[in-house]
Amino acid sequence: MHDTHTIAPQTGSAFHLKKGEILTVTDPLGQQVSDMVLFNQHDFGEKLSSGKSLDFEECLLLTTGNYLWSNRSRKMMKIIADTNGRNDFLLAPCSKETFEIMYGYEGEHPSCLNNLTTNLAPFGIAQDDIPTAFNIFMNVQFDLQGKISVLPPTSKAGDYVQFEALTDLLVGLTACSAEDSNGGSFKPIRYSITPADTGGAGYD
């Protein structure tokens, strides 16, 4: 692999990913969530859509073999490997308001929304443009009545998810800042970018 980067705890990154390249997102220490958003590199009006993805994949829990779709009903990524198998596509990136409304937190708190905003701003993305993220390694459970619970991730040290880019993309990626999402602690996230011909095993 090449182009390996580490996202420090409670921070984020943004970068371009070319069509055919493989993005590997790794949880190096275990139990750490990473929020990911996607934009068409050539037209930021096209972006990742939770609603379209869950609709077209006919599944709430996306993993190996599933696609991530855009708001224009086009495939943006294919999940080609997932060693953990538990990700979330229901909940929005944590924000200042998340901590105020849900946890009664007063004052500033690092958040995925703020980190995505900060890192995507140089590319011309505004906060209001940021969609619901694909929450890698996030363990969201729901009962028969629809009650949602956020539990610690089941990911172990070294678990990873691999994505194949199906178009040229701008990617925003975080090491999540919410205590409940990460079992009460904050750790780094690593990502690597590889060419399509060397990056993925067992995908079609």
# chains A, B, ... in the order shown; residues from 1 in each chain; ligands from 1
$ residues_around --residues "Phe137 of chain A" --least-positions-apart "2" --cutoff "9 Å" --atoms "only C-alpha atoms" --output "PyMOL selection string"
chain A and resi 27+31-35+84-88+135+139+153-155+159-161
$ write_last_selection --atoms "N, CA and C atoms" --output "compact mmCIF listing (two decimals), in the first residue's frame"
# COMPACT_ATOMS: atom_id res chain seq x y z
N ASP A 27 -9.23 0.91 11.65
CA ASP A 27 -9.33 1.24 13.08
C ASP A 27 -8.11 0.63 13.76
N GLN A 31 -12.50 -0.05 18.42
CA GLN A 31 -13.61 0.72 18.98
C GLN A 31 -13.52 2.21 18.68
N GLN A 32 -13.24 2.55 17.41
CA GLN A 32 -13.21 3.96 17.01
C GLN A 32 -14.00 4.13 15.72
N VAL A 33 -14.97 5.03 15.74
CA VAL A 33 -15.82 5.32 14.59
C VAL A 33 -15.16 6.34 13.68
N SER A 34 -15.45 6.23 12.37
CA SER A 34 -15.00 7.21 11.39
C SER A 34 -16.18 7.61 10.51
N ASP A 35 -16.53 8.90 10.51
CA ASP A 35 -17.60 9.41 9.65
C ASP A 35 -17.03 9.73 8.27
N ASN A 84 -15.04 -5.97 9.98
CA ASN A 84 -15.87 -5.83 11.19
C ASN A 84 -17.33 -6.13 10.88
N GLY A 85 -17.86 -5.51 9.85
CA GLY A 85 -19.21 -5.82 9.39
C GLY A 85 -20.33 -5.02 10.02
N ARG A 86 -20.00 -4.05 10.88
CA ARG A 86 -21.05 -3.23 11.50
C ARG A 86 -20.76 -1.76 11.24
N ASN A 87 -21.61 -1.13 10.46
CA ASN A 87 -21.50 0.28 10.15
C ASN A 87 -22.89 0.90 10.25
N ASP A 88 -22.96 2.23 10.35
CA ASP A 88 -24.24 2.92 10.48
C ASP A 88 -24.42 3.92 9.35
N ASN A 135 -21.16 6.04 8.63
CA ASN A 135 -20.43 5.98 9.89
C ASN A 135 -19.75 4.63 10.03
N ASN A 139 -21.74 1.33 15.86
CA ASN A 139 -22.63 0.25 16.28
C ASN A 139 -23.95 0.84 16.77
N PRO A 153 -18.40 0.46 19.48
CA PRO A 153 -18.11 -0.31 18.27
C PRO A 153 -17.64 -1.72 18.59
N THR A 154 -17.93 -2.64 17.69
CA THR A 154 -17.44 -4.01 17.83
C THR A 154 -16.09 -4.19 17.14
N SER A 155 -15.59 -3.14 16.51
CA SER A 155 -14.32 -3.25 15.77
C SER A 155 -13.16 -3.49 16.73
N ASP A 159 -9.05 -3.82 12.35
CA ASP A 159 -10.20 -3.98 11.47
C ASP A 159 -10.22 -2.87 10.43
N TYR A 160 -10.73 -3.18 9.24
CA TYR A 160 -10.75 -2.18 8.16
C TYR A 160 -11.95 -2.39 7.25
N VAL A 161 -12.28 -1.33 6.54
CA VAL A 161 -13.27 -1.38 5.47
C VAL A 161 -12.61 -0.82 4.22
$ residues_around --residues "Ala126 of chain A" --least-positions-apart "4" --cutoff "12 Å" --atoms "only C-alpha atoms" --output "number ranges by chain"
A: 44-45, 113-122, 130-131
$ select_by_dssp --residues "segment 53-179 of chain A" --states "strand (DSSP E)" --output "ChimeraX atom specification"
/A:67-69,75-82,134-136,139-142,148-151,159-165,169-174
$ residues_around --residues "Glu164 of chain A" --least-positions-apart "6" --cutoff "7 Å" --atoms "only C-alpha atoms" --output "PyMOL selection string"
chain A and resi 20-23+77-80
$ write_last_selection --atoms "N, CA and C atoms" --output "PDB file, in the first residue's frame"
ATOM      1  N   GLY A  20     -11.653   4.207  -9.548  1.00  0.00           N
ATOM      2  CA  GLY A  20     -10.864   2.984  -9.596  1.00  0.00           C
ATOM      3  C   GLY A  20      -9.910   2.809  -8.440  1.00  0.00           C
ATOM      4  N   GLU A  21      -9.613   3.890  -7.716  1.00  0.00           N
ATOM      5  CA  GLU A  21      -8.724   3.751  -6.571  1.00  0.00           C
ATOM      6  C   GLU A  21      -9.459   3.092  -5.406  1.00  0.00           C
ATOM      7  N   ILE A  22      -8.668   2.485  -4.523  1.00  0.00           N
ATOM      8  CA  ILE A  22      -9.206   1.787  -3.367  1.00  0.00           C
ATOM      9  C   ILE A  22      -8.855   2.578  -2.106  1.00  0.00           C
ATOM     10  N   LEU A  23      -9.875   2.919  -1.335  1.00  0.00           N
ATOM     11  CA  LEU A  23      -9.699   3.570  -0.037  1.00  0.00           C
ATOM     12  C   LEU A  23      -9.869   2.520   1.057  1.00  0.00           C
ATOM     13  N   MET A  77     -19.463   4.470  -4.553  1.00  0.00           N
ATOM     14  CA  MET A  77     -18.459   3.538  -4.038  1.00  0.00           C
ATOM     15  C   MET A  77     -19.061   2.148  -3.919  1.00  0.00           C
ATOM     16  N   LYS A  78     -18.185   1.154  -3.993  1.00  0.00           N
ATOM     17  CA  LYS A  78     -18.544  -0.214  -3.643  1.00  0.00           C
ATOM     18  C   LYS A  78     -17.728  -0.629  -2.425  1.00  0.00           C
ATOM     19  N   ILE A  79     -18.393  -1.245  -1.435  1.00  0.00           N
ATOM     20  CA  ILE A  79     -17.678  -1.801  -0.287  1.00  0.00           C
ATOM     21  C   ILE A  79     -17.142  -3.166  -0.705  1.00  0.00           C
ATOM     22  N   ILE A  80     -15.829  -3.290  -0.794  1.00  0.00           N
ATOM     23  CA  ILE A  80     -15.242  -4.528  -1.315  1.00  0.00           C
ATOM     24  C   ILE A  80     -14.668  -5.417  -0.222  1.00  0.00           C
TER      25      ILE A  80
END
$ residues_around --residues "Gly12 of chain A" --least-positions-apart "3" --cutoff "8 Å" --atoms "only C-alpha atoms" --output "PyMOL selection string"
chain A and resi 7-8+112+115-116+119+172-175
$ write_last_selection --atoms "N, CA and C atoms" --output "CSV table (one decimal), in the first residue's frame"
chain,number,residue,atom,x,y,z
A,7,ILE,N,-5.4,10.0,11.0
A,7,ILE,CA,-6.2,11.1,11.5
A,7,ILE,C,-6.2,11.1,13.0
A,8,ALA,N,-5.7,12.1,13.6
A,8,ALA,CA,-5.6,12.2,15.0
A,8,ALA,C,-7.0,12.1,15.7
A,112,CYS,N,-17.7,15.8,14.7
A,112,CYS,CA,-17.5,15.4,13.3
A,112,CYS,C,-18.0,16.5,12.3
A,115,ASN,N,-15.4,19.2,12.2
A,115,ASN,CA,-14.2,18.7,11.6
A,115,ASN,C,-14.3,18.5,10.1
A,116,LEU,N,-15.5,18.0,9.6
A,116,LEU,CA,-15.8,17.9,8.2
A,116,LEU,C,-15.9,19.3,7.6
A,119,ASN,N,-12.3,20.8,7.2
A,119,ASN,CA,-11.5,20.2,6.2
A,119,ASN,C,-12.0,20.3,4.8
A,172,GLY,N,-14.5,13.3,2.7
A,172,GLY,CA,-14.3,13.9,4.0
A,172,GLY,C,-14.3,12.7,5.0
A,173,LEU,N,-13.4,12.7,5.9
A,173,LEU,CA,-13.2,11.5,6.8
A,173,LEU,C,-12.8,12.0,8.2
A,174,THR,N,-13.4,11.4,9.2
A,174,THR,CA,-13.1,11.9,10.6
A,174,THR,C,-12.6,10.7,11.5
A,175,ALA,N,-12.1,11.0,12.6
A,175,ALA,CA,-12.0,10.2,13.8
A,175,ALA,C,-13.0,10.7,14.8
$ select_by_dssp --residues "segment 83-127 of chain A" --states "alpha helix (DSSP H)" --output "list in words"
Lys96, Glu97, Thr98, Phe99, Glu100, Ile101, Met102, Tyr103, Cys112, Leu113, Asn114, Asn115, Leu116, Thr117, Thr118, Asn119 and Leu120 of chain A
$ atom_distance --atom1 "atom CA of Gly51 of chain A" --atom2 "atom CA of Ile148 of chain A"
17.3 Å
$ atom_distance --atom1 "atom CA of Met138 of chain A" --atom2 "atom CA of Leu166 of chain A"
23.6 Å
$ decode --residues "segment 89-199 of chain A" --atoms "C-alpha atoms" --output "PDB file, in the first residue's frame"
ATOM      1  CA  PHE A  89     -25.996   5.030   7.845  1.00  0.00           C
ATOM      2  CA  LEU A  90     -28.853   6.422   9.963  1.00  0.00           C
ATOM      3  CA  LEU A  91     -27.334   9.078  12.221  1.00  0.00           C
ATOM      4  CA  ALA A  92     -26.003  12.482  11.194  1.00  0.00           C
ATOM      5  CA  PRO A  93     -22.441  13.591  12.057  1.00  0.00           C
ATOM      6  CA  CYS A  94     -22.182  14.676  15.696  1.00  0.00           C
ATOM      7  CA  SER A  95     -22.308  18.452  16.080  1.00  0.00           C
ATOM      8  CA  LYS A  96     -22.205  21.165  18.713  1.00  0.00           C
ATOM      9  CA  GLU A  97     -25.982  20.817  18.949  1.00  0.00           C
ATOM     10  CA  THR A  98     -25.684  17.039  19.439  1.00  0.00           C
ATOM     11  CA  PHE A  99     -23.814  17.572  22.682  1.00  0.00           C
ATOM     12  CA  GLU A 100     -26.105  20.407  23.810  1.00  0.00           C
ATOM     13  CA  ILE A 101     -29.434  18.721  23.053  1.00  0.00           C
ATOM     14  CA  MET A 102     -28.647  15.096  23.843  1.00  0.00           C
ATOM     15  CA  TYR A 103     -26.004  15.354  26.558  1.00  0.00           C
ATOM     16  CA  GLY A 104     -26.569  18.781  28.131  1.00  0.00           C
ATOM     17  CA  TYR A 105     -23.011  19.770  27.318  1.00  0.00           C
ATOM     18  CA  GLU A 106     -22.249  23.487  27.587  1.00  0.00           C
ATOM     19  CA  GLY A 107     -19.440  25.118  25.658  1.00  0.00           C
ATOM     20  CA  GLU A 108     -17.410  23.945  22.704  1.00  0.00           C
ATOM     21  CA  HIS A 109     -16.931  20.232  22.054  1.00  0.00           C
ATOM     22  CA  PRO A 110     -15.044  18.690  19.113  1.00  0.00           C
ATOM     23  CA  SER A 111     -17.492  17.246  16.595  1.00  0.00           C
ATOM     24  CA  CYS A 112     -17.491  15.403  13.299  1.00  0.00           C
ATOM     25  CA  LEU A 113     -19.602  18.106  11.663  1.00  0.00           C
ATOM     26  CA  ASN A 114     -17.136  20.800  12.654  1.00  0.00           C
ATOM     27  CA  ASN A 115     -14.165  18.692  11.552  1.00  0.00           C
ATOM     28  CA  LEU A 116     -15.786  17.900   8.211  1.00  0.00           C
ATOM     29  CA  THR A 117     -16.662  21.581   7.746  1.00  0.00           C
ATOM     30  CA  THR A 118     -13.114  22.705   8.534  1.00  0.00           C
ATOM     31  CA  ASN A 119     -11.461  20.198   6.210  1.00  0.00           C
ATOM     32  CA  LEU A 120     -13.912  20.508   3.319  1.00  0.00           C
ATOM     33  CA  ALA A 121     -14.064  24.336   3.373  1.00  0.00           C
ATOM     34  CA  PRO A 122     -10.845  24.770   1.318  1.00  0.00           C
ATOM     35  CA  PHE A 123     -12.523  22.810  -1.486  1.00  0.00           C
ATOM     36  CA  GLY A 124     -15.573  25.082  -1.461  1.00  0.00           C
ATOM     37  CA  ILE A 125     -17.942  22.895   0.578  1.00  0.00           C
ATOM     38  CA  ALA A 126     -20.137  24.728   3.103  1.00  0.00           C
ATOM     39  CA  GLN A 127     -21.482  23.157   6.288  1.00  0.00           C
ATOM     40  CA  ASP A 128     -25.031  23.095   4.925  1.00  0.00           C
ATOM     41  CA  ASP A 129     -23.770  21.021   1.978  1.00  0.00           C
ATOM     42  CA  ILE A 130     -22.572  18.164   4.189  1.00  0.00           C
ATOM     43  CA  PRO A 131     -24.861  15.110   4.018  1.00  0.00           C
ATOM     44  CA  THR A 132     -25.524  12.318   6.499  1.00  0.00           C
ATOM     45  CA  ALA A 133     -22.256  10.431   6.802  1.00  0.00           C
ATOM     46  CA  PHE A 134     -21.554   6.751   6.344  1.00  0.00           C
ATOM     47  CA  ASN A 135     -20.434   5.979   9.894  1.00  0.00           C
ATOM     48  CA  ILE A 136     -17.729   3.349   9.565  1.00  0.00           C
ATOM     49  CA  PHE A 137     -17.471   0.962  12.560  1.00  0.00           C
ATOM     50  CA  MET A 138     -20.416   2.656  14.322  1.00  0.00           C
ATOM     51  CA  ASN A 139     -22.631   0.252  16.284  1.00  0.00           C
ATOM     52  CA  VAL A 140     -26.196   1.584  16.157  1.00  0.00           C
ATOM     53  CA  GLN A 141     -28.827  -0.854  17.368  1.00  0.00           C
ATOM     54  CA  PHE A 142     -32.596  -0.574  17.042  1.00  0.00           C
ATOM     55  CA  ASP A 143     -35.417  -2.614  18.584  1.00  0.00           C
ATOM     56  CA  LEU A 144     -38.730  -3.750  17.122  1.00  0.00           C
ATOM     57  CA  GLN A 145     -40.358  -0.458  18.120  1.00  0.00           C
ATOM     58  CA  GLY A 146     -37.632   1.502  16.341  1.00  0.00           C
ATOM     59  CA  LYS A 147     -35.875   2.735  19.478  1.00  0.00           C
ATOM     60  CA  ILE A 148     -32.260   3.600  18.635  1.00  0.00           C
ATOM     61  CA  SER A 149     -29.277   2.870  20.871  1.00  0.00           C
ATOM     62  CA  VAL A 150     -25.646   3.770  20.218  1.00  0.00           C
ATOM     63  CA  LEU A 151     -23.343   1.077  21.613  1.00  0.00           C
ATOM     64  CA  PRO A 152     -19.528   0.815  21.607  1.00  0.00           C
ATOM     65  CA  PRO A 153     -18.108  -0.307  18.268  1.00  0.00           C
ATOM     66  CA  THR A 154     -17.443  -4.010  17.830  1.00  0.00           C
ATOM     67  CA  SER A 155     -14.320  -3.246  15.771  1.00  0.00           C
ATOM     68  CA  LYS A 156     -11.031  -4.654  17.015  1.00  0.00           C
ATOM     69  CA  ALA A 157      -7.520  -3.324  16.463  1.00  0.00           C
ATOM     70  CA  GLY A 158      -6.655  -3.610  12.784  1.00  0.00           C
ATOM     71  CA  ASP A 159     -10.197  -3.984  11.467  1.00  0.00           C
ATOM     72  CA  TYR A 160     -10.745  -2.184   8.161  1.00  0.00           C
ATOM     73  CA  VAL A 161     -13.270  -1.380   5.469  1.00  0.00           C
ATOM     74  CA  GLN A 162     -12.206  -1.121   1.824  1.00  0.00           C
ATOM     75  CA  PHE A 163     -14.058   0.981  -0.729  1.00  0.00           C
ATOM     76  CA  GLU A 164     -13.641   1.144  -4.511  1.00  0.00           C
ATOM     77  CA  ALA A 165     -14.282   4.597  -5.997  1.00  0.00           C
ATOM     78  CA  LEU A 166     -16.735   4.345  -8.890  1.00  0.00           C
ATOM     79  CA  THR A 167     -16.249   7.974  -9.920  1.00  0.00           C
ATOM     80  CA  ASP A 168     -13.800  10.768  -9.077  1.00  0.00           C
ATOM     81  CA  LEU A 169     -14.577  11.781  -5.503  1.00  0.00           C
ATOM     82  CA  LEU A 170     -13.891  14.357  -2.826  1.00  0.00           C
ATOM     83  CA  VAL A 171     -13.870  12.480   0.492  1.00  0.00           C
ATOM     84  CA  GLY A 172     -14.312  13.863   4.009  1.00  0.00           C
ATOM     85  CA  LEU A 173     -13.224  11.520   6.802  1.00  0.00           C
ATOM     86  CA  THR A 174     -13.054  11.856  10.603  1.00  0.00           C
ATOM     87  CA  ALA A 175     -11.988  10.161  13.781  1.00  0.00           C
ATOM     88  CA  CYS A 176     -15.317  10.590  15.580  1.00  0.00           C
ATOM     89  CA  SER A 177     -15.561  12.907  18.584  1.00  0.00           C
ATOM     90  CA  ALA A 178     -18.663  11.507  20.345  1.00  0.00           C
ATOM     91  CA  GLU A 179     -18.035   9.663  23.606  1.00  0.00           C
ATOM     92  CA  ASP A 180     -20.988   7.275  23.283  1.00  0.00           C
ATOM     93  CA  SER A 181     -20.067   6.294  19.727  1.00  0.00           C
ATOM     94  CA  ASN A 182     -16.547   5.232  20.707  1.00  0.00           C
ATOM     95  CA  GLY A 183     -17.023   3.470  24.020  1.00  0.00           C
ATOM     96  CA  GLY A 184     -15.946   6.541  26.006  1.00  0.00           C
ATOM     97  CA  SER A 185     -12.483   7.085  24.535  1.00  0.00           C
ATOM     98  CA  PHE A 186     -10.989   8.691  21.442  1.00  0.00           C
ATOM     99  CA  LYS A 187      -8.446   7.089  19.134  1.00  0.00           C
ATOM    100  CA  PRO A 188      -6.946   7.696  15.685  1.00  0.00           C
ATOM    101  CA  ILE A 189      -8.173   6.458  12.315  1.00  0.00           C
ATOM    102  CA  ARG A 190      -5.875   5.484   9.466  1.00  0.00           C
ATOM    103  CA  TYR A 191      -6.586   5.497   5.769  1.00  0.00           C
ATOM    104  CA  SER A 192      -4.680   4.341   2.719  1.00  0.00           C
ATOM    105  CA  ILE A 193      -5.207   4.891  -1.000  1.00  0.00           C
ATOM    106  CA  THR A 194      -4.068   2.266  -3.503  1.00  0.00           C
ATOM    107  CA  PRO A 195      -4.493   1.736  -7.246  1.00  0.00           C
ATOM    108  CA  ALA A 196      -7.356  -0.514  -8.248  1.00  0.00           C
ATOM    109  CA  ASP A 197      -5.057  -3.227  -9.583  1.00  0.00           C
ATOM    110  CA  THR A 198      -3.277  -3.713  -6.228  1.00  0.00           C
ATOM    111  CA  GLY A 199      -5.771  -2.671  -3.577  1.00  0.00           C
TER     112      GLY A 199
END
